[in-house]
Every structure is written in structure tokens, then in C-alpha cells.
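Raw data-v8.csv, CSV, C-alpha atoms and all ligand atoms:
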```csv
chain,number,residue,atom,x,y,z
A,1114,MET,CA,170.7,-9.7,-17.9
A,1115,ILE,CA,173.8,-11.5,-19.3
A,1116,ASP,CA,171.3,-13.7,-21.2
A,1117,PHE,CA,169.8,-10.6,-22.6
A,1118,ILE,CA,173.1,-9.1,-23.7
A,1119,ALA,CA,174.1,-12.4,-25.3
A,1120,ARG,CA,170.9,-12.4,-27.2
A,1121,PHE,CA,171.3,-8.9,-28.3
A,1122,PHE,CA,174.7,-9.7,-29.9
A,1123,LYS,CA,173.7,-13.1,-31.3
A,1124,LYS,CA,170.6,-11.5,-32.8
A,1125,ASP,CA,169.0,-14.9,-33.1
A,1126,LYS,CA,165.3,-14.5,-32.4
A,1127,GLN,CA,163.6,-15.7,-29.3
A,1128,SER,CA,161.0,-18.3,-30.1
A,1129,LYS,CA,158.2,-16.2,-28.8
A,1130,ASP,CA,159.0,-13.5,-31.3
A,1131,LEU,CA,158.9,-16.0,-34.1
A,1132,ALA,CA,155.5,-17.2,-32.8
A,1133,LYS,CA,154.2,-13.6,-32.8
A,1134,GLU,CA,155.4,-12.8,-36.3
A,1135,ARG,CA,154.1,-16.0,-37.8
A,1136,LEU,CA,150.7,-15.5,-36.1
A,1137,GLN,CA,150.5,-11.9,-37.2
A,1138,LEU,CA,151.0,-12.9,-40.8
A,1139,VAL,CA,148.7,-15.9,-40.9
A,1140,LEU,CA,145.9,-14.0,-39.1
A,1141,ILE,CA,145.9,-11.3,-41.8
A,1142,HIS,CA,144.8,-14.0,-44.3
A,1143,ASP,CA,142.5,-15.7,-41.8
A,1144,ARG,CA,140.8,-12.4,-41.1
A,1145,ILE,CA,140.2,-11.3,-44.7
A,1146,ASN,CA,139.3,-14.8,-45.7
A,1147,LEU,CA,141.5,-14.6,-48.7
A,1148,PRO,CA,144.2,-17.1,-49.5
A,1149,PRO,CA,147.6,-15.6,-50.5
A,1150,TYR,CA,147.2,-16.6,-54.2
A,1151,LEU,CA,143.9,-14.7,-54.5
A,1152,LEU,CA,145.4,-11.7,-52.8
A,1153,GLU,CA,148.2,-11.7,-55.4
A,1154,GLN,CA,145.6,-12.0,-58.2
A,1155,MET,CA,143.6,-9.1,-56.6
A,1156,LYS,CA,146.7,-6.9,-56.6
A,1157,GLU,CA,147.5,-7.7,-60.2
A,1158,GLU,CA,144.0,-6.9,-61.4
A,1159,LEU,CA,144.0,-3.7,-59.4
A,1160,ILE,CA,147.2,-2.6,-61.0
A,1161,GLY,CA,145.7,-3.6,-64.4
A,1162,VAL,CA,142.7,-1.3,-63.8
A,1163,ILE,CA,144.9,1.7,-62.9
A,1164,LYS,CA,147.1,1.1,-65.9
A,1165,ARG,CA,144.2,1.4,-68.2
A,1166,PHE,CA,143.9,5.0,-67.1
A,1167,THR,CA,147.3,6.2,-66.4
A,1168,GLU,CA,151.0,5.3,-66.4
A,1169,ILE,CA,152.3,4.0,-63.1
A,1170,ASP,CA,155.8,3.5,-61.7
A,1171,GLU,CA,155.7,-0.3,-61.4
A,1172,GLU,CA,159.1,-0.4,-59.7
A,1173,ALA,CA,158.0,1.8,-56.8
A,1174,LEU,CA,154.5,0.6,-56.2
A,1175,ASP,CA,153.6,-1.1,-53.0
A,1176,ILE,CA,150.4,-2.8,-52.2
A,1177,GLY,CA,149.9,-4.6,-48.9
A,1178,ILE,CA,147.6,-5.6,-46.1
A,1179,GLU,CA,147.9,-4.0,-42.8
A,1180,SER,CA,146.2,-4.9,-39.6
A,1181,SER,CA,145.7,-3.0,-36.4
A,1182,ASP,CA,143.2,-3.4,-33.6
A,1183,ARG,CA,141.3,-6.1,-35.5
A,1184,THR,CA,140.8,-3.9,-38.6
A,1185,VAL,CA,142.4,-5.1,-41.8
A,1186,THR,CA,143.2,-2.5,-44.4
A,1187,LEU,CA,144.4,-2.7,-47.9
A,1188,VAL,CA,147.1,-0.1,-48.3
A,1189,ALA,CA,148.3,0.8,-51.7
A,1190,ASN,CA,151.0,3.2,-52.6
A,1191,ILE,CA,151.1,3.6,-56.3
A,1192,PRO,CA,153.2,6.4,-57.8
A,1193,LEU,CA,151.6,7.8,-60.9
A,1194,LYS,CA,153.8,9.1,-63.8
A,1195,GLY,CA,151.2,11.5,-64.9
A,1196,GLU,CA,151.4,10.5,-68.6
A,1197,LYS,CA,148.1,10.5,-70.4
A,1198,LYS,CA,146.9,7.3,-71.8
A,1199,VAL,CA,143.7,8.3,-73.5
B,145,MET,CA,120.5,-6.7,-14.2
B,146,SER,CA,121.3,-10.4,-15.0
B,147,GLU,CA,123.9,-11.4,-17.5
B,148,VAL,CA,124.6,-14.4,-19.7
B,149,ILE,CA,128.3,-14.9,-20.3
B,150,VAL,CA,129.7,-17.7,-22.6
B,151,ILE,CA,133.2,-19.0,-22.0
B,152,THR,CA,134.7,-20.1,-25.3
B,153,SER,CA,138.0,-20.8,-27.0
B,154,GLY,CA,137.8,-22.4,-30.4
B,155,LYS,CA,140.5,-24.9,-29.7
B,156,GLY,CA,139.9,-27.7,-27.2
B,157,GLY,CA,141.5,-28.1,-23.8
B,158,GLU,CA,142.2,-24.5,-23.2
B,159,GLY,CA,140.5,-24.3,-19.8
B,160,LYS,CA,136.9,-23.4,-20.6
B,161,THR,CA,135.4,-25.9,-18.2
B,162,THR,CA,137.9,-25.2,-15.4
B,163,SER,CA,137.3,-21.4,-15.8
B,164,THR,CA,133.5,-21.8,-15.9
B,165,ALA,CA,133.6,-23.7,-12.6
B,166,ASN,CA,136.0,-21.4,-10.8
B,167,LEU,CA,134.5,-18.1,-12.0
B,168,GLY,CA,131.0,-19.4,-11.1
B,169,ALA,CA,132.2,-20.2,-7.6
B,170,GLY,CA,134.0,-16.8,-7.5
B,171,LEU,CA,130.8,-14.9,-8.4
B,172,ALA,CA,128.8,-17.0,-5.9
B,173,LYS,CA,131.3,-16.1,-3.2
B,174,LEU,CA,130.7,-12.5,-4.0
B,175,ASN,CA,127.0,-13.2,-3.1
B,176,TYR,CA,125.5,-13.4,-6.6
B,177,ASN,CA,123.1,-16.1,-7.6
B,178,VAL,CA,124.9,-18.1,-10.2
B,179,VAL,CA,124.0,-20.9,-12.6
B,180,LEU,CA,126.5,-22.8,-14.8
B,181,VAL,CA,125.2,-24.4,-18.0
B,182,ASP,CA,127.2,-27.2,-19.6
B,183,THR,CA,126.5,-27.2,-23.3
B,184,ASP,CA,129.2,-29.7,-24.2
B,185,ILE,CA,126.6,-32.4,-25.0
B,186,GLY,CA,128.1,-35.9,-25.3
B,187,LEU,CA,131.3,-34.8,-23.6
B,188,ARG,CA,130.0,-33.3,-20.3
B,189,ASN,CA,132.7,-32.5,-17.8
B,190,LEU,CA,131.6,-29.5,-15.7
B,191,ASP,CA,129.8,-31.9,-13.3
B,192,ILE,CA,132.9,-33.9,-12.6
B,193,VAL,CA,135.1,-30.9,-12.4
B,194,MET,CA,132.8,-29.5,-9.7
B,195,GLY,CA,132.5,-32.8,-7.9
B,196,LEU,CA,128.7,-33.0,-8.6
B,197,GLU,CA,128.7,-36.0,-10.9
B,198,ASN,CA,126.8,-38.2,-8.5
B,199,ARG,CA,123.9,-35.8,-8.1
B,200,ILE,CA,122.7,-35.7,-11.6
B,201,VAL,CA,119.2,-36.9,-12.2
B,202,TYR,CA,118.0,-34.8,-15.1
B,203,ASP,CA,120.0,-32.9,-17.7
B,204,LEU,CA,119.6,-30.0,-20.2
B,205,ILE,CA,117.9,-32.2,-22.9
B,206,ASP,CA,115.5,-33.8,-20.4
B,207,TYR,CA,114.4,-30.3,-19.7
B,208,PHE,CA,114.2,-29.3,-23.4
B,209,GLU,CA,112.2,-32.4,-24.2
B,210,GLY,CA,109.8,-31.9,-21.4
B,211,ARG,CA,110.8,-34.8,-19.1
B,212,CYS,CA,111.4,-32.5,-16.1
B,213,LYS,CA,110.9,-29.0,-14.8
B,214,LEU,CA,113.8,-26.5,-15.0
B,215,ARG,CA,114.2,-26.5,-11.3
B,216,GLN,CA,114.5,-30.3,-11.2
B,217,ALA,CA,117.4,-30.2,-13.6
B,218,LEU,CA,119.3,-27.7,-11.5
B,219,ILE,CA,121.9,-29.2,-9.2
B,220,LYS,CA,122.8,-27.2,-6.1
B,221,ASP,CA,126.6,-27.0,-5.4
B,222,LYS,CA,127.7,-28.8,-2.3
B,223,ARG,CA,129.8,-25.9,-1.0
B,224,LEU,CA,128.0,-22.7,-2.1
B,225,ASN,CA,124.2,-22.6,-1.7
B,226,ASN,CA,123.8,-19.8,-4.3
B,227,LEU,CA,125.6,-21.8,-7.1
B,228,PHE,CA,123.8,-24.2,-9.4
B,229,LEU,CA,124.7,-26.5,-12.3
B,230,LEU,CA,122.6,-27.4,-15.3
B,231,PRO,CA,124.4,-30.5,-16.7
B,232,ALA,CA,124.7,-31.5,-20.3
B,233,ALA,CA,123.3,-34.8,-21.6
B,234,GLN,CA,126.0,-37.4,-22.0
B,235,THR,CA,124.3,-39.8,-24.3
B,236,ARG,CA,123.2,-37.4,-27.0
B,237,ASP,CA,125.1,-35.1,-29.4
B,238,LYS,CA,125.4,-31.5,-30.2
B,239,THR,CA,122.6,-31.6,-32.8
B,240,ALA,CA,120.1,-32.6,-30.1
B,241,ILE,CA,119.5,-29.0,-29.2
B,242,ASN,CA,119.2,-25.7,-31.2
B,243,ALA,CA,119.9,-22.0,-30.8
B,244,GLU,CA,116.3,-21.1,-30.3
B,245,GLN,CA,116.0,-23.4,-27.3
B,246,MET,CA,119.2,-22.0,-25.8
B,247,LYS,CA,118.0,-18.4,-26.2
B,248,LYS,CA,114.8,-19.3,-24.4
B,249,LEU,CA,116.6,-21.1,-21.7
B,250,CYS,CA,118.9,-18.2,-21.1
B,251,SER,CA,116.1,-15.8,-20.7
B,252,GLU,CA,114.4,-18.1,-18.3
B,253,LEU,CA,117.6,-18.5,-16.2
B,254,LYS,CA,118.1,-14.7,-16.2
B,255,GLU,CA,114.9,-14.4,-14.3
B,256,GLN,CA,116.2,-16.4,-11.4
B,257,PHE,CA,120.0,-15.8,-11.5
B,258,ASP,CA,122.3,-12.8,-11.5
B,259,TYR,CA,124.9,-14.6,-13.6
B,260,VAL,CA,124.4,-17.4,-16.2
B,261,LEU,CA,127.8,-18.8,-17.2
B,262,ILE,CA,127.8,-21.1,-20.3
B,263,ASP,CA,130.6,-23.6,-20.8
B,264,CYS,CA,131.0,-23.9,-24.5
B,265,PRO,CA,132.2,-27.0,-26.3
B,266,ALA,CA,135.4,-26.9,-28.5
B,267,GLY,CA,135.0,-26.1,-32.1
B,268,ILE,CA,133.0,-23.6,-34.2
B,269,GLU,CA,130.1,-25.8,-35.3
B,270,GLN,CA,126.6,-26.4,-34.0
B,271,GLY,CA,127.7,-26.8,-30.4
B,272,PHE,CA,129.4,-23.4,-30.4
B,273,LYS,CA,126.5,-21.7,-32.1
B,274,ASN,CA,124.1,-23.2,-29.5
B,275,ALA,CA,126.3,-22.0,-26.7
B,276,VAL,CA,126.6,-18.4,-27.8
B,277,ALA,CA,123.0,-18.1,-29.0
B,278,GLY,CA,121.7,-16.6,-25.7
B,279,ALA,CA,124.8,-14.9,-24.5
B,280,ASP,CA,125.1,-11.2,-23.7
B,281,ARG,CA,128.8,-11.3,-23.8
B,282,ALA,CA,131.7,-13.7,-24.2
B,283,ILE,CA,135.0,-14.6,-22.6
B,284,ILE,CA,137.8,-16.1,-24.8
B,285,ILE,CA,140.3,-18.4,-23.2
B,286,THR,CA,143.6,-19.1,-24.8
B,287,THR,CA,146.9,-20.6,-23.8
B,288,PRO,CA,150.0,-18.8,-25.0
B,289,GLU,CA,150.5,-21.1,-28.0
B,290,VAL,CA,150.3,-20.4,-31.7
B,291,SER,CA,147.5,-22.8,-32.5
B,292,ALA,CA,145.3,-21.7,-29.6
B,293,VAL,CA,145.8,-18.0,-30.3
B,294,ARG,CA,145.0,-18.5,-34.0
B,295,ASP,CA,141.8,-20.4,-33.1
B,296,ALA,CA,140.9,-17.7,-30.6
B,297,ASP,CA,141.2,-15.1,-33.3
B,298,ARG,CA,138.8,-17.1,-35.5
B,299,VAL,CA,136.2,-17.2,-32.7
B,300,ILE,CA,136.6,-13.5,-32.0
B,301,GLY,CA,135.7,-12.9,-35.7
B,302,LEU,CA,132.7,-15.2,-35.5
B,303,LEU,CA,131.4,-13.4,-32.3
B,304,GLU,CA,131.8,-10.1,-34.1
B,305,GLU,CA,129.6,-11.4,-37.0
B,306,MET,CA,127.0,-12.4,-34.4
B,307,ASN,CA,127.0,-8.8,-33.1
B,308,LEU,CA,128.1,-9.7,-29.6
B,309,PRO,CA,130.2,-7.0,-27.8
B,310,ARG,CA,133.9,-7.5,-28.3
B,311,PRO,CA,134.9,-10.4,-26.0
B,312,LYS,CA,137.5,-10.1,-23.2
B,313,LEU,CA,140.5,-12.4,-23.0
B,314,ILE,CA,141.7,-14.8,-20.3
B,315,ILE,CA,145.2,-16.1,-20.9
B,316,ASN,CA,145.6,-19.5,-19.3
B,317,ARG,CA,148.5,-21.7,-18.3
B,318,ILE,CA,151.2,-19.0,-18.6
B,319,LYS,CA,154.6,-20.2,-17.4
B,320,PRO,CA,156.4,-17.2,-16.0
B,321,ALA,CA,159.8,-18.9,-16.3
B,322,MET,CA,159.4,-19.6,-20.0
B,323,VAL,CA,158.1,-16.1,-20.6
B,324,GLU,CA,161.3,-14.8,-19.0
B,325,ARG,CA,163.4,-16.8,-21.3
B,326,GLY,CA,161.5,-15.5,-24.3
B,327,GLU,CA,160.3,-19.0,-25.1
B,328,MET,CA,156.7,-18.3,-24.5
B,329,MET,CA,154.6,-15.3,-25.8
B,330,ASN,CA,153.9,-12.8,-23.0
B,331,VAL,CA,150.6,-11.0,-22.3
B,332,LYS,CA,151.5,-8.0,-24.5
B,333,ASP,CA,152.4,-10.2,-27.4
B,334,ILE,CA,149.0,-12.0,-27.3
B,335,LEU,CA,147.1,-8.8,-26.8
B,336,ASP,CA,148.9,-7.2,-29.7
B,337,ILE,CA,147.9,-10.1,-31.9
B,338,LEU,CA,144.3,-10.5,-30.9
B,339,GLY,CA,143.4,-6.8,-30.4
B,340,ILE,CA,141.0,-7.4,-27.5
B,341,ASP,CA,141.1,-6.4,-23.9
B,342,LEU,CA,142.5,-8.5,-21.1
B,343,LEU,CA,140.3,-9.9,-18.4
B,344,GLY,CA,142.9,-11.9,-16.6
B,345,VAL,CA,146.0,-14.2,-16.6
B,346,VAL,CA,145.9,-17.6,-15.0
B,347,PRO,CA,149.3,-19.3,-14.5
B,348,GLU,CA,150.0,-22.9,-15.0
B,349,ASP,CA,149.3,-24.3,-11.5
B,350,GLU,CA,149.4,-27.9,-10.4
B,351,ASN,CA,146.8,-27.0,-7.8
B,352,ILE,CA,144.3,-27.1,-10.6
B,353,VAL,CA,145.0,-30.7,-11.3
B,354,ILE,CA,145.0,-31.6,-7.6
B,355,THR,CA,141.7,-29.8,-6.8
B,356,THR,CA,140.1,-31.2,-10.0
B,357,ASN,CA,141.2,-34.7,-9.0
B,358,ARG,CA,139.1,-34.2,-5.8
B,359,GLY,CA,136.2,-32.5,-7.4
B,360,ASP,CA,137.3,-29.3,-5.5
B,361,LEU,CA,137.7,-25.9,-7.0
B,362,VAL,CA,141.1,-24.1,-7.0
B,363,ILE,CA,139.4,-20.8,-6.2
B,364,LEU,CA,138.2,-22.1,-2.9
B,365,LYS,CA,141.8,-23.2,-2.0
B,366,GLU,CA,143.7,-20.7,0.0
B,367,GLY,CA,147.1,-19.5,-1.3
B,368,SER,CA,147.0,-20.9,-4.8
B,369,GLU,CA,148.2,-18.6,-7.6
B,370,ALA,CA,145.5,-19.8,-10.0
B,371,GLY,CA,142.9,-19.4,-7.3
B,372,LYS,CA,143.9,-15.8,-6.7
B,373,ALA,CA,143.8,-15.2,-10.5
B,374,TYR,CA,140.3,-16.5,-10.7
B,375,SER,CA,139.1,-14.5,-7.7
B,376,ASN,CA,140.4,-11.3,-9.4
B,377,ILE,CA,138.7,-12.2,-12.7
B,378,ALA,CA,135.4,-12.9,-10.9
B,379,LYS,CA,135.6,-9.4,-9.4
B,380,ARG,CA,136.5,-7.8,-12.8
B,381,LEU,CA,133.4,-9.5,-14.2
B,382,THR,CA,131.2,-7.6,-11.8
B,383,GLY,CA,132.8,-4.4,-12.9
B,384,GLU,CA,135.3,-3.9,-10.1
B,385,GLU,CA,138.7,-2.7,-11.1
B,386,VAL,CA,141.4,-5.1,-9.8
B,387,PRO,CA,145.1,-4.7,-10.7
B,388,PHE,CA,146.6,-7.5,-12.7
B,389,LEU,CA,148.3,-10.3,-10.7
B,390,GLN,CA,152.1,-10.5,-10.4
B,391,LEU,CA,153.1,-14.1,-11.1
B,392,LYS,CA,155.8,-15.7,-9.1
B,393,THR,CA,159.3,-16.1,-10.6
B,394,LYS,CA,162.8,-15.9,-9.4
B,395,TYR,CA,162.8,-12.2,-10.1
B,396,SER,CA,161.4,-9.5,-7.9
B,397,PHE,CA,157.8,-8.8,-7.8
B,398,ARG,CA,157.9,-5.7,-10.0
B,399,GLU,CA,160.5,-7.1,-12.4
B,400,SER,CA,158.6,-10.2,-13.1
B,401,LEU,CA,155.4,-8.3,-13.6
B,402,LYS,CA,157.1,-6.1,-16.2
B,403,ARG,CA,158.5,-9.2,-17.9
B,404,ILE,CA,155.2,-11.0,-18.1
B,405,ILE,CA,153.3,-8.0,-19.2
B,406,GLY,CA,156.0,-7.4,-21.8
B,407,ILE,CA,157.7,-4.2,-20.8
B,408,ARG,CA,161.4,-4.5,-21.1
B,409,ASN,CA,163.6,-2.9,-18.5
B,410,ASN,CA,165.6,-0.9,-20.9
A,1201,LIG,N1,146.1,-23.1,-15.4
A,1201,LIG,C1,146.1,-24.4,-15.4
A,1201,LIG,N2,147.1,-25.1,-14.9
A,1201,LIG,C2,147.2,-26.4,-14.9
A,1201,LIG,N3,146.3,-27.2,-15.6
A,1201,LIG,C3,145.3,-26.6,-16.2
A,1201,LIG,C4,145.2,-25.2,-16.2
A,1201,LIG,N4,144.0,-24.9,-16.9
A,1201,LIG,C5,143.5,-26.1,-17.3
A,1201,LIG,N5,144.3,-27.1,-16.9
A,1201,LIG,C6,144.0,-28.5,-17.2
A,1201,LIG,O1,143.9,-28.6,-18.6
A,1201,LIG,C7,142.9,-29.6,-19.0
A,1201,LIG,C8,141.9,-29.0,-19.9
A,1201,LIG,O2,141.1,-28.0,-19.1
A,1201,LIG,P1,139.5,-27.9,-19.4
A,1201,LIG,O3,138.9,-29.2,-19.3
A,1201,LIG,O4,139.1,-26.8,-18.4
A,1201,LIG,O5,139.5,-27.3,-20.8
A,1201,LIG,P2,138.3,-27.2,-21.8
A,1201,LIG,O6,138.7,-25.9,-22.6
A,1201,LIG,O7,137.0,-27.2,-21.1
A,1201,LIG,O8,138.5,-28.5,-22.7
A,1201,LIG,P3,137.4,-29.0,-23.8
A,1201,LIG,O9,137.6,-28.2,-25.0
A,1201,LIG,O10,137.8,-30.4,-24.0
A,1201,LIG,O11,136.0,-28.8,-23.2
A,1201,LIG,C9,142.4,-30.1,-17.7
A,1201,LIG,O12,143.0,-31.3,-17.4
A,1201,LIG,C10,142.7,-29.1,-16.7
A,1201,LIG,O13,142.9,-29.6,-15.4
A,1202,MG,MG,135.3,-28.4,-21.5
```
Could you write out this file's structure as C-alpha cells?
Ligand SMILES: Nc1ncnc2c1ncn2[C@@H]1O[C@H](COP(=O)(O)OP(=O)(O)OP(=O)(O)O)[C@@H](O)[C@H]1O
Ligand SMILES: [Mg+2]
Amino acid sequence: MIDFIARFFKKDKQSKDLAKERLQLVLIHDRINLPPYLLEQMKEELIGVIKRFTEIDEEALDIGIESSDRTVTLVANIPLKGEKKV
Amino acid sequence: MSEVIVITSGKGGEGKTTSTANLGAGLAKLNYNVVLVDTDIGLRNLDIVMGLENRIVYDLIDYFEGRCKLRQALIKDKRLNNLFLLPAAQTRDKTAINAEQMKKLCSELKEQFDYVLIDCPAGIEQGFKNAVAGADRAIIITTPEVSAVRDADRVIGLLEEMNLPRPKLIINRIKPAMVERGEMMNVKDILDILGIDLLGVVPEDENIVITTNRGDLVILKEGSEAGKAYSNIAKRLTGEEVPFLQLKTKYSFRESLKRIIGIRNN
């Protein structure tokens, strides 16, 4: 218990939590079979395509990979400015 | 209703052979007819783990290449008369057999046995593909370490591609004291990561080393923690619902269970 309180205040992570976080990250890439640089490239091209059609808020956009129950999902939150391009 | 179950892990040394031997004995003790097939060609070990190494005359490849009948290659266990071993060849390599042969073998064995347990070699190459070819379902073994868990995930993905039902997980060599200190991933951590169901947890137990030294099986040894864990897993394999084992620690029974499973007290 004292151990636990000490850890709570020290806020340094237990090694098992680091193991879990590191695994969760690396497994996303393992599972989609896409190395990080290609994932970045994919995001950029995706944004490029959308920008051909409409203005987007590049500051606020958020594209990421989420994983739950062995299903990996590409989650994109891309605020549109609604200004016509064509 | 016979079943072929492959025991696999990806990474080497996770406890596949130990688990195959003990679960086989566990199922035999429950009065099922069981055969264990060692597919680790060139690195056979199931024979020595079971203490049957001196009884081998023919092996898997002798059978595949027509030098003996199936029944001649089957070695009867010295303790349980409804448990058999089909040993791997030691002087050949993993490319000496193929998936088609394994499929055919599995269906032949299913005619005679209730459970066919396949001890898979480490890795994800030919040997792995042969081992899983005739399986109806798979068990994944991992220790609570990052490299083992990562490799287990890879194997789960490969099994998915092969359209096997989602495998169940055995977590092996858990050290309750380290889990308590937060220095080893607990059961919940690993289940969160892998996203598959738990079949059982086997603690680190020196009785495994001791019994293996003698060619005995820990599941047949009274009072060992690992033996109890394997007995429970064998029952779960037959469909029986058995509550998960509480591993011994300096904490109370309930408390240590909560800690190992990953529920915090607050
Ligand atoms: N729960 C345990 N407690 C203590 N020792 C264990 C435990 N499980 C396995 N071992 C030991 O770990 C070693 C590896 O086990 P085993 O041979 O069963 O693994 P494996 O997955 O079949 O290995 P390989 O990939 O080489 O075939 C053995 O020496 C075994 O005795
Ligand atoms: Mg082995």
C-alpha cells in the first residue's frame, strides 16, 4: 500500500505499464503491415485528395490509427471550412 | 466429436512442449483417448519431456514415407494407457513434410482419438504451417514479456488469415511477486493487448524443471501450482467452466487474485 502511494506521488511509471504502452503502439504497425513512414505518406496523400475538393482546417485535423479487439481502424477527424474550391 | 488442437507461440521456449505434454496427460486423466504429435522435426523434445525417449522405434516421417504403419509409430505412455505419442524425426528437417500430409494424418488420428494435440515448432515458417494445417483450433502460449507477446500477436494474425477460430491464450511463467510490484505485465494487460480470450495462467514453478528432469509430468504431481493450473486448463478444453486459479503470494487469496488479474483495490 505504501508502495502504491509512493508511486502515485512519484508518478514514475511501473515497468509493466511501459511494456504495455510500447506493445500497443508497435502492434498497431505490425497488424496493419504498414511501417510508420508509409502511414505518414498515406495521411498526407489523403489530406491532399480532400484539399482538392474543399478547404480544410489543417491546424485542427487529426488522423490516427486506433485498435480495439484486434480490429484496427483509421480514424480521421478533418474539420472542413466549407469554402468552395471549384 | 474429435478435435485437433495445435499448441503454438511464435517465439521459441514459451512452453509449447511442456504444455502439450501436460494437457495431453490432463485430458487422458479425464478419460479421453489422446494422442500427442511432435511436429518439431529436427528438434524433437516431446519424447524426452514425457520420459518416452527410449521407446521410439519409428517416427512421423517413417510413417509418411511408408516404412511403418501408423499404429507402429504410436508410443503408449508409461503412466496413462489412453495417452499416445507420435514422435518427430530427429535427423530430418521441417521441409521433409508438407501441409497436405499433416491434414491427412490429422483426419486419420481423429478416427481413433478424442483429442489430437499438436506440438508446434517455434517460428512462422514451414514448420508452423505444417503444424497448423490439420488443426480445428489453436492455443497460443506466451510468457508475460514484450517480445513473446508481440510474436504471439503475429501468430494470432496468421491463424486468422488461415480461417481458424480465434485462438485461446495460455499465459505461462507468470511470477506473482513481480506482477505485484508492477514489474511484470498482469493477465489483464496481456489480454488487453492481444484481444483474445484466456484459457489459463500457469505460474513459474520449479516443479516443472524437476519433473521434466525425471521425465515426469507436473500435472501428475500432487500439490504443485503449475500442475493445478494445467488440470484446470485441460477441463476448460473439454468445455467445463473452471474458475481461474489464485496464484500464491504474500497477500491474501482474494487480494492476490485481484492483483494478478489486474483489478486495483481502489
Ligand atoms: N511454468 C514454467 N515454470 C518453470 N519453467 C518452465 C515453465 N514453462 C516452461 N518452463 C521451462 O522452459 C523451457 C522451455 O519450455 P518448452 O520446451 O516447453 O518450450 P517450447 O515452447 O516447446 O520451446 P521450443 O520453442 O524450443 O519448442 C523448458 O526448460 C521448461 O522446463
Ligand atoms: Mg518445443
Determine, counting only C-alpha atoms, which protein, DNA and RNA residues have an atom within 9 Å of an atom of stretch 210-224 of chain B; residues of the same chain fewer than 3 positions away are not included. Present the result as a ChimeraX atom specification.
-> /B:169,172-173,179,194-196,199-207,227-231,253
Could you save those same residues with C-alpha atoms as a PDB file, keeping the file's coordinate frame?
```pdb
ATOM      1  CA  ALA B 169     132.200 -20.200  -7.600  1.00  0.00           C
ATOM      2  CA  ALA B 172     128.800 -17.000  -5.900  1.00  0.00           C
ATOM      3  CA  LYS B 173     131.300 -16.100  -3.200  1.00  0.00           C
ATOM      4  CA  VAL B 179     124.000 -20.900 -12.600  1.00  0.00           C
ATOM      5  CA  MET B 194     132.800 -29.500  -9.700  1.00  0.00           C
ATOM      6  CA  GLY B 195     132.500 -32.800  -7.900  1.00  0.00           C
ATOM      7  CA  LEU B 196     128.700 -33.000  -8.600  1.00  0.00           C
ATOM      8  CA  ARG B 199     123.900 -35.800  -8.100  1.00  0.00           C
ATOM      9  CA  ILE B 200     122.700 -35.700 -11.600  1.00  0.00           C
ATOM     10  CA  VAL B 201     119.200 -36.900 -12.200  1.00  0.00           C
ATOM     11  CA  TYR B 202     118.000 -34.800 -15.100  1.00  0.00           C
ATOM     12  CA  ASP B 203     120.000 -32.900 -17.700  1.00  0.00           C
ATOM     13  CA  LEU B 204     119.600 -30.000 -20.200  1.00  0.00           C
ATOM     14  CA  ILE B 205     117.900 -32.200 -22.900  1.00  0.00           C
ATOM     15  CA  ASP B 206     115.500 -33.800 -20.400  1.00  0.00           C
ATOM     16  CA  TYR B 207     114.400 -30.300 -19.700  1.00  0.00           C
ATOM     17  CA  LEU B 227     125.600 -21.800  -7.100  1.00  0.00           C
ATOM     18  CA  PHE B 228     123.800 -24.200  -9.400  1.00  0.00           C
ATOM     19  CA  LEU B 229     124.700 -26.500 -12.300  1.00  0.00           C
ATOM     20  CA  LEU B 230     122.600 -27.400 -15.300  1.00  0.00           C
ATOM     21  CA  PRO B 231     124.400 -30.500 -16.700  1.00  0.00           C
ATOM     22  CA  LEU B 253     117.600 -18.500 -16.200  1.00  0.00           C
TER      23      LEU B 253
END
```
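We find atom CA of B:Ala378 and atom CA of B:Ile241 to be spaced 29.1 Å apart.
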Just need the residues of chain A within 8 Å of chain B, counting all atoms listed in the file, so spit them out as a PyMOL selection string.
-> chain A and resi 1127-1130+1132-1133+1136-1137+1140+1143-1144+1181-1183
Go through chain B residue by residue and, counting all atoms listed in the file, keep those with an atom at most 7 Å from ligand MG 1202 (chain A); for each kept residue give the shortest atom pair and its distance in Å to one decimal, ordered by chain and increasing number, as a tab-separated table.
```
residue	atom	partner	partner_atom	distance
B:Gly157	CA	A:MG1202	MG	6.6
B:Gly159	CA	A:MG1202	MG	6.8
B:Lys160	CA	A:MG1202	MG	5.3
B:Thr161	CA	A:MG1202	MG	4.1
B:Asp184	CA	A:MG1202	MG	6.8
B:Asn189	CA	A:MG1202	MG	6.1
B:Leu190	CA	A:MG1202	MG	7.0
B:Asp263	CA	A:MG1202	MG	6.8
B:Cys264	CA	A:MG1202	MG	6.9
B:Pro265	CA	A:MG1202	MG	5.9
```
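Separating atom CA of B:Lys332 from atom CA of B:Leu313 is a distance of 11.9 Å.
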Kindly indicate which residue among B:Lys365, B:Lys319, B:Arg380, B:Arg236 lies nearest to ligand LIG 1201 (chain A), using all atoms listed in the file for the distances.
-> B:Lys319
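Minimum atom-to-atom distance to A:Glu1158, evaluated using all atoms listed in the file, belongs to A:Ile1176 out of A:Ile1176, A:Ile1141, A:Glu1196, A:Asn1146.
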Can you sort out the box for stretch 1126-1141 of chain A, edges along x, y and z, all listed atoms in, 4 Å on every side, with centre and edge lengths in Å to one decimal, as lines of an AutoDock Vina configuration file?
```
center_x = 155.6
center_y = -14.8
center_z = -35.3
size_x = 27.4
size_y = 15.0
size_z = 21.0
```
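Compared by their closest atoms to ligand LIG 1201 (chain A), and using all atoms listed in the file, the residues B:Glu384, B:Glu158, B:Glu269, B:Asp258 rank with B:Glu158 nearest.
As for atom C2 of ligand LIG 1201 (chain A) and atom CA of B:Val260, they are spaced 24.5 Å apart.
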Could you give me, as a ChimeraX atom specification, the residues within 9 Å of B:Arg281, counting all atoms listed in the file and dropping anything in the same chain fewer than 5 positions from it?
-> /B:147-150,276,308-312
Residues up to 7 Å from ligand LIG 1201 (chain A), counting all atoms listed in the file: could you list those as a VMD selection string?
-> chain B and resid 153 155 to 163 184 265 to 266 316 to 317 346 to 350 352 to 353 356 370
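Residues with any atom within 7 Å of the point (137.9, -24.3, -9.5), counting all atoms listed in the file, are Thr162, Ser163, Ala165, Asn166, Asp360, Leu361, Val362, Ile363 and Leu364 of chain B.
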A:Asn1190 environment, 9 Å, all atoms listed in the file, sequence neighbours closer than 2 positions dropped, as a PyMOL selection string | chain A and resi 1173-1177+1188+1192
